[in-house]
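Colleague: Got input23.txt for you, compact mmCIF, C-alpha atoms:
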```
# COMPACT_ATOMS: atom_id res chain seq x y z
CA MET G 1 -69.10 64.06 -25.76
CA ASN G 2 -67.62 67.05 -23.89
CA ARG G 3 -67.35 70.37 -25.64
CA LYS G 4 -63.78 71.22 -26.53
CA ARG G 5 -61.73 74.31 -27.25
CA PHE G 6 -58.64 75.25 -29.17
CA ARG G 7 -55.95 77.00 -27.13
CA VAL G 8 -55.11 80.06 -29.23
CA ILE G 9 -52.10 82.35 -28.82
CA ALA G 10 -53.23 85.98 -28.39
CA ILE G 11 -56.92 85.23 -29.06
CA ALA G 12 -59.64 83.30 -27.29
CA PHE G 13 -60.85 80.62 -29.66
CA ALA G 14 -63.16 77.81 -28.71
CA ILE G 15 -65.61 75.17 -29.02
CA LEU G 16 -65.33 71.93 -30.87
CA PHE G 17 -68.31 71.02 -32.94
CA SER G 18 -69.30 67.87 -31.16
CA GLU G 19 -72.23 67.56 -28.80
CA ILE G 20 -74.10 65.39 -26.32
CA VAL G 21 -77.34 64.33 -28.00
CA LEU G 22 -79.23 64.24 -24.70
CA ILE G 23 -78.29 67.87 -24.02
CA GLN G 24 -78.12 69.41 -27.48
CA PRO G 25 -79.60 67.32 -30.28
CA SER G 26 -77.71 67.37 -33.53
CA ASN G 27 -79.14 70.05 -35.80
CA ALA G 28 -77.62 71.95 -38.70
CA ILE G 29 -75.02 74.52 -39.70
CA TYR G 30 -75.81 78.12 -38.70
CA ASN G 31 -77.46 80.08 -41.52
CA GLY G 32 -76.72 77.40 -44.07
CA THR G 33 -78.82 75.97 -46.85
CA SER G 34 -80.23 72.46 -46.99
CA ALA G 35 -77.82 69.80 -48.20
CA ILE G 36 -80.44 67.06 -48.46
CA GLY G 37 -79.28 64.70 -51.18
CA SER G 38 -75.60 65.61 -50.80
CA GLU G 39 -73.31 62.69 -51.57
CA HIS G 40 -70.56 64.02 -49.32
CA VAL G 41 -71.84 64.43 -45.75
CA VAL G 42 -72.98 61.74 -43.30
CA LYS G 43 -74.24 61.77 -39.75
CA ILE G 44 -72.40 59.55 -37.26
CA LEU G 45 -74.07 58.24 -34.11
CA LEU G 46 -71.69 57.36 -31.28
CA GLY G 47 -73.85 56.02 -28.49
CA ARG G 48 -75.18 59.19 -26.84
CA SER G 49 -73.14 61.50 -29.04
CA ALA G 50 -73.25 62.56 -32.68
CA CYS G 51 -70.79 63.95 -35.19
CA SER G 52 -70.64 64.56 -38.92
CA GLY G 53 -68.37 62.93 -41.45
CA GLY G 54 -67.25 63.12 -45.06
CA LEU G 55 -67.88 60.14 -47.35
CA VAL G 56 -64.55 59.78 -49.16
CA THR G 57 -65.41 56.50 -50.93
CA PRO G 58 -68.57 54.39 -50.73
CA GLN G 59 -67.04 52.57 -47.75
CA ILE G 60 -64.66 55.04 -46.09
CA VAL G 61 -65.69 58.05 -43.98
CA ALA G 62 -63.34 60.79 -42.78
CA THR G 63 -64.26 62.44 -39.47
CA ALA G 64 -62.68 64.19 -36.51
CA ALA G 65 -60.55 61.98 -34.28
CA HIS G 66 -62.01 63.59 -31.16
CA CYS G 67 -65.38 62.11 -32.18
CA VAL G 68 -64.07 58.56 -31.77
CA VAL G 69 -61.28 58.88 -29.18
CA SER G 70 -61.59 59.98 -25.55
CA ASN G 71 -58.74 59.98 -23.03
CA GLY G 72 -56.67 57.94 -25.44
CA VAL G 73 -59.32 55.21 -25.72
CA THR G 74 -60.92 54.51 -29.09
CA THR G 75 -64.69 54.15 -29.15
CA SER G 76 -65.92 50.59 -29.59
CA ILE G 77 -66.95 50.03 -33.19
CA SER G 78 -70.13 48.36 -31.91
CA ASN G 79 -71.29 51.76 -30.64
CA ILE G 80 -71.03 53.54 -33.99
CA LYS G 81 -73.67 53.84 -36.69
CA VAL G 82 -73.37 55.89 -39.86
CA TYR G 83 -76.33 57.13 -41.88
CA PRO G 84 -76.31 57.25 -45.69
CA PRO G 85 -75.06 60.53 -47.16
CA GLY G 86 -77.33 63.53 -47.33
CA VAL G 87 -80.42 61.97 -45.73
CA ASN G 88 -82.99 63.26 -43.31
CA THR G 89 -82.12 60.87 -40.49
CA SER G 90 -85.67 60.99 -39.12
CA GLU G 91 -86.93 59.44 -42.36
CA THR G 92 -84.64 56.43 -42.69
CA SER G 93 -83.67 53.46 -40.57
CA VAL G 94 -80.76 52.52 -42.85
CA THR G 95 -77.34 52.73 -41.23
CA ALA G 96 -73.91 51.22 -41.65
CA GLY G 97 -71.78 49.78 -38.90
CA VAL G 98 -68.04 50.29 -38.62
CA LEU G 99 -65.42 47.59 -39.13
CA LYS G 100 -62.29 49.59 -38.35
CA ILE G 101 -61.26 52.98 -36.96
CA ILE G 102 -57.93 54.42 -38.05
CA HIS G 103 -56.53 57.54 -36.37
CA PRO G 104 -53.08 59.01 -35.70
CA PHE G 105 -51.00 57.12 -33.16
CA GLY G 106 -51.01 58.78 -29.76
CA PHE G 107 -54.11 60.91 -30.27
CA ARG G 108 -55.63 61.38 -26.80
CA ASN G 109 -58.46 63.95 -26.61
CA ALA G 110 -57.95 64.13 -22.83
CA THR G 111 -58.69 67.82 -22.12
CA SER G 112 -61.28 70.45 -23.04
CA PHE G 113 -58.96 71.59 -25.83
CA THR G 114 -58.49 69.89 -29.13
CA ASP G 115 -55.27 68.13 -30.08
CA PRO G 116 -53.35 68.23 -33.36
CA ASN G 117 -53.96 65.38 -35.82
CA ASP G 118 -57.71 65.60 -35.29
CA ILE G 119 -58.70 63.16 -38.03
CA ALA G 120 -59.91 59.57 -38.26
CA PHE G 121 -61.02 57.26 -41.05
CA LEU G 122 -63.90 54.83 -40.52
CA VAL G 123 -64.26 51.71 -42.66
CA LEU G 124 -67.95 50.85 -42.97
CA ASP G 125 -69.46 47.38 -42.99
CA ARG G 126 -71.37 48.19 -46.17
CA THR G 127 -71.08 50.55 -49.10
CA PHE G 128 -73.12 53.65 -49.86
CA ASP G 129 -73.17 53.53 -53.63
CA GLY G 130 -73.92 56.38 -56.00
CA SER G 131 -71.39 58.84 -54.61
CA ASN G 132 -68.33 60.25 -56.32
CA ASN G 133 -65.05 59.55 -54.57
CA LEU G 134 -63.34 62.55 -53.02
CA THR G 135 -59.63 63.21 -53.53
CA LEU G 136 -57.83 64.18 -50.33
CA ALA G 137 -56.29 67.63 -50.61
CA ASN G 138 -52.86 68.08 -49.02
CA TYR G 139 -51.45 71.39 -47.78
CA GLU G 140 -50.21 72.51 -51.20
CA MET G 141 -53.52 71.69 -52.84
CA THR G 142 -55.49 73.60 -50.21
CA ARG G 143 -53.28 76.64 -50.96
CA ASN G 144 -53.96 76.26 -54.68
CA ILE G 145 -57.70 75.97 -54.10
CA VAL G 146 -57.82 78.95 -51.74
CA ASN G 147 -55.56 81.17 -53.89
CA SER G 148 -57.62 80.40 -57.00
CA GLY G 149 -60.78 81.64 -55.35
CA THR G 150 -62.48 78.27 -55.90
CA ALA G 151 -65.69 77.88 -53.89
CA ILE G 152 -65.37 75.70 -50.79
CA ASN G 153 -68.55 74.37 -49.20
CA ILE G 154 -68.63 73.18 -45.59
CA PHE G 155 -71.18 70.52 -44.61
CA GLY G 156 -72.49 69.21 -41.31
CA TYR G 157 -75.37 67.94 -39.21
CA GLY G 158 -74.65 70.41 -36.38
CA ALA G 159 -76.73 72.91 -34.38
CA THR G 160 -78.39 75.97 -35.91
CA ILE G 161 -78.63 78.29 -32.92
CA SER G 162 -77.06 78.60 -29.51
CA GLY G 163 -78.52 75.90 -27.31
CA GLY G 164 -81.25 75.20 -29.81
CA SER G 165 -82.56 72.02 -31.31
CA GLY G 166 -83.42 71.44 -34.90
CA THR G 167 -83.88 68.95 -37.69
CA ASN G 168 -81.84 65.92 -38.60
CA VAL G 169 -80.96 67.20 -42.05
CA PRO G 170 -77.54 68.29 -43.30
CA TYR G 171 -76.75 71.90 -44.10
CA THR G 172 -73.99 73.64 -45.99
CA PHE G 173 -72.55 77.12 -46.37
CA SER G 174 -69.81 78.77 -48.42
CA ALA G 175 -66.55 78.79 -46.48
CA LYS G 176 -64.37 81.86 -46.09
CA PRO G 177 -60.75 80.79 -45.66
CA THR G 178 -58.57 83.07 -43.52
CA SER G 179 -54.90 83.29 -42.68
CA PRO G 180 -53.93 80.28 -40.53
CA MET G 181 -54.49 80.93 -36.83
CA ARG G 182 -51.67 80.27 -34.41
CA LEU G 183 -53.00 77.53 -32.18
CA SER G 184 -51.39 76.61 -28.89
CA GLY G 185 -49.93 73.12 -28.99
CA PHE G 186 -49.92 73.06 -32.81
CA GLN G 187 -46.33 74.17 -33.33
CA GLY G 188 -44.88 71.92 -36.00
CA TYR G 189 -48.35 71.03 -37.26
CA GLU G 190 -48.89 74.14 -39.39
CA ARG G 191 -49.33 72.06 -42.56
CA THR G 192 -52.14 70.01 -41.03
CA TYR G 193 -54.94 72.56 -40.57
CA ILE G 194 -56.76 75.35 -42.34
CA SER G 195 -58.68 78.24 -40.77
CA TYR G 196 -62.08 79.66 -41.74
CA GLN G 197 -64.15 82.67 -40.75
CA ASN G 198 -67.35 82.13 -38.72
CA ASP G 199 -70.02 84.85 -38.90
CA TYR G 200 -73.75 85.40 -39.15
CA GLN G 201 -73.63 84.54 -42.85
CA GLY G 202 -72.45 81.03 -42.08
CA SER G 203 -70.78 79.12 -39.28
CA THR G 204 -69.98 75.65 -38.07
CA CYS G 205 -71.66 74.67 -34.82
CA PRO G 206 -71.83 71.91 -32.20
CA GLY G 207 -72.46 68.62 -34.03
CA ASP G 208 -70.52 69.63 -37.16
CA SER G 209 -67.29 68.01 -35.97
CA GLY G 210 -65.91 65.75 -38.69
CA GLY G 211 -68.03 67.32 -41.41
CA PRO G 212 -66.36 67.84 -44.79
CA ALA G 213 -65.32 70.93 -46.69
CA VAL G 214 -65.52 70.15 -50.40
CA ALA G 215 -64.31 72.00 -53.50
CA LYS G 216 -64.25 71.24 -57.20
CA TYR G 217 -60.92 72.41 -58.57
CA LEU G 218 -59.82 71.88 -62.16
CA GLY G 219 -62.59 69.29 -62.55
CA VAL G 220 -61.60 67.23 -59.48
CA LEU G 221 -63.70 66.96 -56.31
CA TYR G 222 -61.45 67.52 -53.30
CA LEU G 223 -62.00 66.89 -49.63
CA VAL G 224 -60.33 70.13 -48.51
CA SER G 225 -60.72 69.69 -44.76
CA ILE G 226 -62.54 68.04 -41.85
CA ASN G 227 -64.26 70.27 -39.28
CA SER G 228 -62.43 70.33 -35.94
CA GLY G 229 -63.35 73.30 -33.70
CA GLY G 230 -64.09 76.96 -33.36
CA LEU G 231 -66.27 79.73 -32.01
CA GLY G 232 -69.25 81.38 -33.64
CA PRO G 233 -72.82 82.62 -33.33
CA CYS G 234 -74.29 79.29 -32.20
CA ALA G 235 -71.88 78.76 -29.29
CA ASN G 236 -73.36 78.83 -25.76
CA ASP G 237 -71.19 81.88 -25.02
CA PRO G 238 -70.47 83.27 -28.49
CA TYR G 239 -68.78 86.51 -27.35
CA ARG G 240 -65.92 85.17 -25.27
CA GLY G 241 -63.41 85.30 -28.10
CA THR G 242 -62.76 85.86 -31.78
CA TRP G 243 -65.05 83.98 -34.11
CA GLY G 244 -63.51 81.49 -36.45
CA SER G 245 -62.93 77.79 -37.00
CA SER G 246 -60.13 75.41 -37.75
CA ALA G 247 -60.23 72.18 -39.76
CA THR G 248 -57.83 69.32 -40.42
CA ILE G 249 -56.30 68.91 -43.90
CA PRO G 250 -56.90 65.23 -44.77
CA GLY G 251 -54.27 64.85 -47.49
CA GLU G 252 -51.56 65.33 -44.87
CA TYR G 253 -52.69 61.98 -43.44
CA ALA G 254 -52.51 59.97 -46.65
CA SER G 255 -50.84 57.06 -44.86
CA LEU G 256 -53.91 56.62 -42.64
CA TYR G 257 -56.19 56.71 -45.66
CA ASP G 258 -53.96 54.17 -47.41
CA GLU G 259 -54.30 51.91 -44.38
CA ALA G 260 -58.08 52.18 -44.66
CA THR G 261 -58.10 51.39 -48.38
CA LYS G 262 -55.79 48.41 -47.86
CA PHE G 263 -58.10 47.09 -45.16
CA VAL G 264 -61.08 47.41 -47.51
CA ALA G 265 -59.12 45.47 -50.11
CA THR G 266 -58.79 42.53 -47.71
CA LEU G 267 -62.51 42.23 -47.06
CA LYS G 268 -64.16 39.22 -48.61
CA PRO G 269 -67.09 40.20 -50.82
CA SER G 270 -70.52 38.77 -50.06
CA GLU G 271 -71.55 35.54 -51.72
CA VAL G 272 -73.86 35.25 -54.71
CA ARG G 273 -77.40 34.02 -54.06
CA ASP G 274 -79.93 31.67 -55.68
CA VAL G 275 -77.42 29.74 -57.79
CA GLN G 276 -79.16 27.55 -60.38
CA ILE G 277 -78.20 25.41 -63.34
CA SER G 278 -80.26 24.77 -66.48
CA THR G 279 -79.17 22.21 -69.04
CA SER G 280 -79.57 21.33 -72.69
CA ALA G 281 -77.89 18.05 -73.55
CA MET G 282 -74.26 18.45 -72.45
CA GLU G 283 -74.37 22.24 -72.25
CA ALA G 284 -75.54 24.18 -69.22
CA THR G 285 -76.06 27.72 -67.99
CA ILE G 286 -75.24 28.57 -64.40
CA SER G 287 -77.11 31.64 -63.17
CA TRP G 288 -77.25 33.50 -59.86
CA SER G 289 -78.46 36.65 -58.13
CA ALA G 290 -76.13 39.41 -57.05
CA PRO G 291 -75.06 39.35 -53.38
CA GLU G 292 -76.90 41.23 -50.70
CA LYS G 293 -75.27 44.52 -49.74
CA GLY G 294 -72.01 43.68 -48.01
CA PHE G 295 -68.65 45.04 -46.98
CA THR G 296 -67.39 45.72 -50.47
CA ASN G 297 -68.39 46.76 -53.97
CA ILE G 298 -68.86 43.78 -56.28
CA THR G 299 -66.81 44.23 -59.45
CA GLY G 300 -67.59 40.92 -61.15
CA TYR G 301 -67.95 37.17 -60.86
CA ARG G 302 -65.87 34.08 -61.51
CA VAL G 303 -66.92 30.48 -62.20
CA THR G 304 -64.53 27.56 -61.87
CA SER G 305 -64.68 23.79 -62.09
CA SER G 306 -64.19 21.73 -58.94
CA ASP G 307 -60.47 21.47 -59.68
CA GLY G 308 -60.11 25.25 -59.87
CA VAL G 309 -59.98 25.72 -63.64
CA GLU G 310 -61.54 29.07 -64.52
CA ILE G 311 -64.50 28.79 -66.89
CA CYS G 312 -65.91 32.32 -66.78
CA LYS G 313 -64.92 35.75 -65.53
CA THR G 314 -67.79 38.13 -66.10
CA THR G 315 -69.78 41.11 -64.88
CA ASN G 316 -73.01 39.31 -65.83
CA THR G 317 -74.92 36.97 -63.54
CA SER G 318 -74.71 33.87 -65.72
CA CYS G 319 -72.09 31.61 -67.27
CA ASP G 320 -72.31 28.92 -69.97
CA VAL G 321 -70.48 25.67 -69.24
CA PHE G 322 -69.96 22.27 -70.82
CA LEU G 323 -70.88 19.19 -68.81
CA LYS G 324 -68.94 15.97 -68.56
CA VAL G 325 -70.65 12.61 -68.23
CA GLY G 326 -71.36 11.88 -64.60
CA PHE G 327 -70.94 14.19 -61.61
CA ASN G 328 -70.16 17.86 -62.25
CA SER G 329 -69.28 20.44 -59.61
CA PHE G 330 -68.77 24.18 -60.09
CA TYR G 331 -67.99 27.15 -57.84
CA VAL G 332 -69.36 30.67 -58.30
CA TYR G 333 -67.39 33.52 -56.72
CA SER G 334 -68.10 37.21 -56.35
CA LEU G 335 -65.18 39.57 -56.87
CA ALA G 336 -64.21 42.85 -55.27
CA GLY G 337 -61.23 43.92 -57.31
CA SER G 338 -58.69 41.16 -56.84
CA VAL G 339 -60.36 39.80 -53.70
CA THR G 340 -62.52 36.71 -54.14
CA SER G 341 -65.37 35.45 -51.98
CA GLN G 342 -65.35 31.99 -50.44
CA GLY G 343 -67.47 30.70 -53.31
CA VAL G 344 -70.81 28.93 -53.64
CA GLN G 345 -70.83 25.33 -54.91
CA ILE G 346 -73.40 23.95 -57.31
CA SER G 347 -73.37 20.32 -58.42
CA TYR G 348 -75.10 18.46 -61.21
CA GLU G 349 -75.05 14.84 -62.32
CA THR G 350 -75.80 14.14 -65.96
CA GLU G 351 -78.76 11.91 -66.75
CA ASN G 352 -79.10 9.53 -69.65
CA ALA G 353 -82.10 9.33 -71.94
CA VAL G 354 -84.98 7.18 -70.72
CA THR G 355 -85.46 3.81 -72.41
CA PRO G 356 -88.65 4.01 -74.51
CA ASP G 357 -91.77 1.98 -73.90
CA VAL G 358 -92.23 -0.92 -76.36
CA THR G 359 -95.62 -0.56 -78.06
CA ALA G 360 -95.66 -3.76 -80.17
CA LEU G 361 -93.76 -6.92 -80.98
CA ASP G 362 -95.04 -8.20 -84.36
CA THR G 363 -94.06 -11.55 -85.77
CA TYR G 364 -93.90 -12.18 -89.47
CA GLU G 365 -93.08 -15.40 -91.39
CA THR G 366 -89.35 -15.04 -90.89
CA SER G 367 -88.88 -11.83 -88.90
CA VAL G 368 -89.90 -9.91 -85.84
CA LEU G 369 -90.67 -6.16 -85.75
CA VAL G 370 -90.23 -4.35 -82.44
CA THR G 371 -91.78 -0.87 -82.21
CA TRP G 372 -91.57 1.74 -79.44
CA ASP G 373 -92.72 5.23 -78.54
CA PRO G 374 -90.00 7.64 -79.80
CA ASP G 375 -91.19 10.50 -77.59
CA ILE G 376 -88.74 10.08 -74.72
CA ASP G 377 -86.98 12.21 -72.13
CA TYR G 378 -83.47 12.74 -73.48
CA GLY G 379 -82.01 13.95 -70.21
CA ASN G 380 -78.51 15.20 -71.03
CA ALA G 381 -78.04 12.81 -73.95
CA ILE G 382 -77.38 14.27 -77.37
CA PRO G 383 -80.45 13.20 -79.39
CA ASP G 384 -78.46 12.07 -82.42
CA SER G 385 -76.42 9.76 -80.20
CA VAL G 386 -79.37 7.79 -78.82
CA ASN G 387 -79.66 4.29 -80.27
CA ILE G 388 -81.89 1.33 -79.42
CA TYR G 389 -80.66 -2.27 -79.38
CA ILE G 390 -82.82 -5.39 -79.31
CA GLU G 391 -80.79 -8.17 -77.73
CA ASP G 392 -81.11 -11.79 -76.67
CA SER G 393 -80.22 -11.93 -73.01
CA THR G 394 -79.51 -15.66 -73.23
CA SER G 395 -76.77 -15.45 -75.87
CA GLY G 396 -75.91 -11.77 -75.56
CA GLU G 397 -76.50 -11.45 -79.29
CA ILE G 398 -77.53 -8.06 -80.72
CA LEU G 399 -80.51 -8.89 -82.89
CA CYS G 400 -81.04 -5.43 -84.37
CA GLN G 401 -80.10 -1.78 -83.86
CA SER G 402 -81.84 1.48 -84.77
CA GLU G 403 -81.90 5.19 -83.89
CA VAL G 404 -84.53 5.96 -81.26
CA THR G 405 -86.36 8.32 -83.62
CA ASN G 406 -86.99 5.49 -86.12
CA ALA G 407 -89.37 3.98 -83.56
CA GLU G 408 -88.81 0.40 -84.82
CA CYS G 409 -86.26 -2.36 -85.28
CA ARG G 410 -86.61 -5.64 -87.25
CA PHE G 411 -84.63 -8.88 -86.98
CA ASP G 412 -84.80 -12.29 -88.69
CA TYR G 413 -85.44 -15.17 -86.38
CA GLN G 414 -84.50 -18.78 -86.36
CA THR G 415 -86.37 -21.70 -84.84
CA LYS G 416 -85.05 -21.21 -81.37
CA GLY G 417 -85.91 -19.38 -78.21
CA TYR G 418 -85.11 -15.72 -77.50
CA ASN G 419 -85.27 -13.75 -74.27
CA LEU G 420 -85.76 -10.31 -75.78
CA GLU G 421 -84.46 -7.15 -74.16
CA ILE G 422 -84.45 -3.50 -75.22
CA VAL G 423 -81.34 -1.48 -74.45
CA LEU G 424 -80.75 2.28 -74.85
CA GLU G 425 -77.25 3.64 -75.45
CA SER G 426 -76.11 7.23 -75.95
CA ASN G 427 -73.13 9.51 -75.45
CA ILE G 428 -73.95 9.36 -71.74
CA GLY G 429 -73.65 5.62 -71.65
CA ARG G 430 -75.57 2.35 -71.78
CA GLU G 431 -78.72 1.84 -69.76
CA GLU G 432 -79.68 -1.38 -68.05
CA PRO G 433 -81.55 -3.80 -70.38
CA ILE G 434 -85.31 -4.04 -69.97
CA SER G 435 -87.03 -7.36 -70.73
CA ILE G 436 -89.71 -7.18 -73.42
CA GLY G 437 -90.72 -10.83 -73.69
CA ARG G 438 -89.76 -14.38 -74.56
CA PHE G 439 -89.94 -15.43 -78.20
CA SER G 440 -89.76 -19.04 -79.48
CA GLY G 441 -90.09 -19.97 -83.14
CA ILE G 442 -93.21 -18.29 -84.38
CA THR G 443 -94.72 -18.02 -80.93
CA ALA G 444 -94.06 -14.83 -79.04
CA ASN G 445 -94.84 -14.17 -75.42
CA SER G 446 -94.70 -10.40 -75.57
CA LEU G 447 -96.50 -7.15 -75.03
CA VAL G 448 -98.29 -7.52 -78.35
CA ARG G 449 -98.31 -10.68 -80.44
CA ARG G 450 -99.42 -10.84 -84.01
CA THR G 451 -98.43 -13.09 -86.92
CA LYS G 452 -98.25 -11.45 -90.33
CA THR G 453 -97.03 -12.08 -93.83
CA ASN G 454 -93.56 -10.68 -94.33
CA ALA G 455 -93.73 -7.10 -95.50
```
Go through the file and emit its structure as structure tokens.

Modeller:
Amino acid sequence: MNRKRFRVIAIAFAILFSEIVLIQPSNAIYNGTSAIGSEHVVKILLGRSACSGGLVTPQIVATAAHCVVSNGVTTSISNIKVYPPGVNTSETSVTAGVLKIIHPFGFRNATSFTDPNDIAFLVLDRTFDGSNNLTLANYEMTRNIVNSGTAINIFGYGATISGGSGTNVPYTFSAKPTSPMRLSGFQGYERTYISYQNDYQGSTCPGDSGGPAVAKYLGVLYLVSINSGGLGPCANDPYRGTWGSSATIPGEYASLYDEATKFVATLKPSEVRDVQISTSAMEATISWSAPEKGFTNITGYRVTSSDGVEICKTTNTSCDVFLKVGFNSFYVYSLAGSVTSQGVQISYETENAVTPDVTALDTYETSVLVTWDPDIDYGNAIPDSVNIYIEDSTSGEILCQSEVTNAECRFDYQTKGYNLEIVLESNIGREEPISIGRFSGITANSLVRRTKTNA
């Protein structure tokens, strides 16, 4: 990215704080202190160039427009990577991509001098959580902050010395606001920039373009300005003009920021993972894992039936549901504010209890006793609803009925033939009959056959 200068009336004032990585690697602010761990400053890679930026929200970065626009053409978002805030970039491979670039209409960056409206907002393809949102200061707020003597700290990943190379860590120094400089071509834009002093005690440098100036005023963290350009001790020719810098006031571009926040609001959140269902009778718990890091912050979850009836709205990763007999289908959605993901479907079909195994068919003088193993798989059946029927398949007659836990059922017989069947029925429904033997008079052809005195 070409070095750039401000055209200044009555004073020589130059160099934008951007740089070509192959010529001057991105280093740090002149005579600053380490800002490792800062939640406010990020490094932006733009192909062969680098700039700094201010993390306004976990997904929106403010930077200088000249970092992302050249000759009226906006940089392709595929060429931009943004590091997490406050990191040593040589120690991490984590970066975010960019989904959208928003800058003032008509911004060109077509000469070696900077243009007014030197600000852009980048919407990231992921969030950097753990940072406090910054409030954009407008012109009046910057005056209040400056006049109150509140400390303003400037951040950046720029160079440390003239023509030198350095580390990939952010630095910061205490800003010294000055009376606004009269910049050529900025007539009518006096509300949009603030001026600072550059000196050996602290200065912005090549690579600091887009870096934030931050102040805490009356308990609120403000983004006071975005680094644009200037001249100071780390310039290639530091003595060709008056030292100083100028920065864009972000709150004067609230409409651009609003556009960025509205775009974020339209992004679908990532889907939940590992959706499972566990059941107990006709009750179930649907559980899931939180989504992988995505475009938006997840604010909660929603579970609906297949016909769209909401069952749960929760910040937890589970939801209790009631099953209906037969096929059940549910959808689990992740939420980002009022925006809902596409949803993940999970289906479950209820299962009846398993018909027990008959263990004996005992004949007495005038009755038959059928016994079975009561230890069965209940499936989704409610245990108290499970009943066993002994029936004659020939006549359809129910010979006896008993709860499955009783483990037996007795019926009186007549001198005739029976085709015995065992049938299970529950709240889920009736199972298919299972043949247990043919019985005729006092002779039984069955699993077990014994003749006893009536008991």

Colleague: May I ask which of the residues G:Thr355, G:Ser393, G:Thr366, G:Ser38 is the closest one to G:Glu431, counting all atoms listed in the file?

Modeller: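 Among the listed residues, G:Thr355 lies closest to G:Glu431.
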
Colleague: Under the rule of at most 7 Å, produce a per-residue listing of stretch 144-224 of chain G near stretch 82-99 of chain G: chain, number, name, the closest pair of atoms, and the distance in Å, as a tab-separated table, using only C-alpha atoms.

Modeller:
```
residue	atom	partner	partner_atom	distance
G:Asn168	CA	G:Thr89	CA	5.4
G:Val169	CA	G:Asn88	CA	4.6
G:Pro170	CA	G:Gly86	CA	6.2
```

Colleague: Write to file, as a PDB file, in the frame of the given file, the residues of the selection just made, with C-alpha atoms.

Modeller:
```pdb
ATOM      1  CA  ASN G 168     -81.840  65.920 -38.600  1.00  0.00           C
ATOM      2  CA  VAL G 169     -80.960  67.200 -42.050  1.00  0.00           C
ATOM      3  CA  PRO G 170     -77.540  68.290 -43.300  1.00  0.00           C
TER       4      PRO G 170
END
```

Colleague: From the list G:Leu55, G:Ile101, G:Cys67, G:Val123, which residue is nearest G:Tyr222 when using all atoms listed in the file?

Modeller: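 Of the candidates, the smallest distance to G:Tyr222 is held by G:Leu55.
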
Colleague: Box time for stretch 43-56 of chain G: axis-aligned, enclosing all its listed atoms, 8 Å extra on each side; report centre and edge lengths in Å to one decimal, as JSON.

Modeller:
```
{"center_x": -69.9, "center_y": 60.3, "center_z": -38.0, "size_x": 26.6, "size_y": 24.5, "size_z": 38.3}
```

Colleague: What does the structure give for the distance between atom CA of G:Ala215 and atom CA of G:Asn117, in Å to one decimal?

Modeller: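 So the two atoms, atom CA of G:Ala215 and atom CA of G:Asn117, lie 21.5 Å apart.
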
Colleague: What does the distance from atom CA of G:Ser306 to atom CA of G:Leu267 come to in Å, to one decimal?

Modeller: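 Atom-to-atom, atom CA of G:Ser306 to atom CA of G:Leu267, that is 23.8 Å.
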
Colleague: Need the shell around G:Glu351: protein/DNA/RNA residues with any atom at most 10 Å away, counting only C-alpha atoms. Skip same-chain ones fewer than 5 positions apart. Format as an mmCIF file with C-alpha atoms, in the coordinates of the input?

Modeller:
```
data_model
loop_
_atom_site.group_PDB
_atom_site.id
_atom_site.type_symbol
_atom_site.label_atom_id
_atom_site.label_comp_id
_atom_site.auth_asym_id
_atom_site.auth_seq_id
_atom_site.Cartn_x
_atom_site.Cartn_y
_atom_site.Cartn_z
ATOM 1 C CA ALA G 281 -77.890 18.050 -73.550
ATOM 2 C CA MET G 282 -74.260 18.450 -72.450
ATOM 3 C CA VAL G 325 -70.650 12.610 -68.230
ATOM 4 C CA GLY G 326 -71.360 11.880 -64.600
ATOM 5 C CA PHE G 327 -70.940 14.190 -61.610
ATOM 6 C CA ASP G 377 -86.980 12.210 -72.130
ATOM 7 C CA TYR G 378 -83.470 12.740 -73.480
ATOM 8 C CA GLY G 379 -82.010 13.950 -70.210
ATOM 9 C CA ASN G 380 -78.510 15.200 -71.030
ATOM 10 C CA ALA G 381 -78.040 12.810 -73.950
ATOM 11 C CA ILE G 428 -73.950 9.360 -71.740
ATOM 12 C CA GLY G 429 -73.650 5.620 -71.650
#
```

Colleague: Per residue of stretch 178-293 of chain G within 7 Å of stretch 141-161 of chain G, note the shortest atom pair and the distance in Å to one decimal, counting only C-alpha atoms, and order the rows by chain and increasing residue number, as a Markdown table.

Modeller:
```
| residue | atom | partner | partner_atom | distance |
| --- | --- | --- | --- | --- |
| G:Cys205 | CA | G:Ala159 | CA | 5.4 |
| G:Pro206 | CA | G:Gly158 | CA | 5.3 |
| G:Gly207 | CA | G:Gly158 | CA | 3.7 |
| G:Asp208 | CA | G:Gly158 | CA | 4.3 |
| G:Gly211 | CA | G:Gly156 | CA | 4.8 |
| G:Pro212 | CA | G:Phe155 | CA | 5.5 |
| G:Ala213 | CA | G:Ile154 | CA | 4.2 |
| G:Val214 | CA | G:Asn153 | CA | 5.3 |
| G:Ala215 | CA | G:Ile152 | CA | 4.7 |
| G:Tyr217 | CA | G:Ile145 | CA | 6.6 |
| G:Val224 | CA | G:Thr142 | CA | 6.2 |
| G:Cys234 | CA | G:Ile161 | CA | 4.5 |
```

Colleague: Between atom CA of G:Ser76 and atom CA of G:Thr63, what distance in Å does the model show, to one decimal?

Modeller: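 Atom CA of G:Thr63 lies at a distance of 15.5 Å from atom CA of G:Ser76.
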
Colleague: Name all residues at most 6 Å from G:Leu134 (count all atoms listed in the file; drop same-chain ones fewer than 5 positions away) and give them as a short mmCIF file (atom, residue, chain, number, x, y, z; two decimals) with C-alpha atoms, keeping the file's coordinate frame.

Modeller:
```cif
data_model
loop_
_atom_site.label_atom_id
_atom_site.label_comp_id
_atom_site.auth_asym_id
_atom_site.auth_seq_id
_atom_site.Cartn_x
_atom_site.Cartn_y
_atom_site.Cartn_z
CA VAL G 56 -64.55 59.78 -49.16
CA LEU G 221 -63.70 66.96 -56.31
CA TYR G 222 -61.45 67.52 -53.30
CA LEU G 223 -62.00 66.89 -49.63
#
```
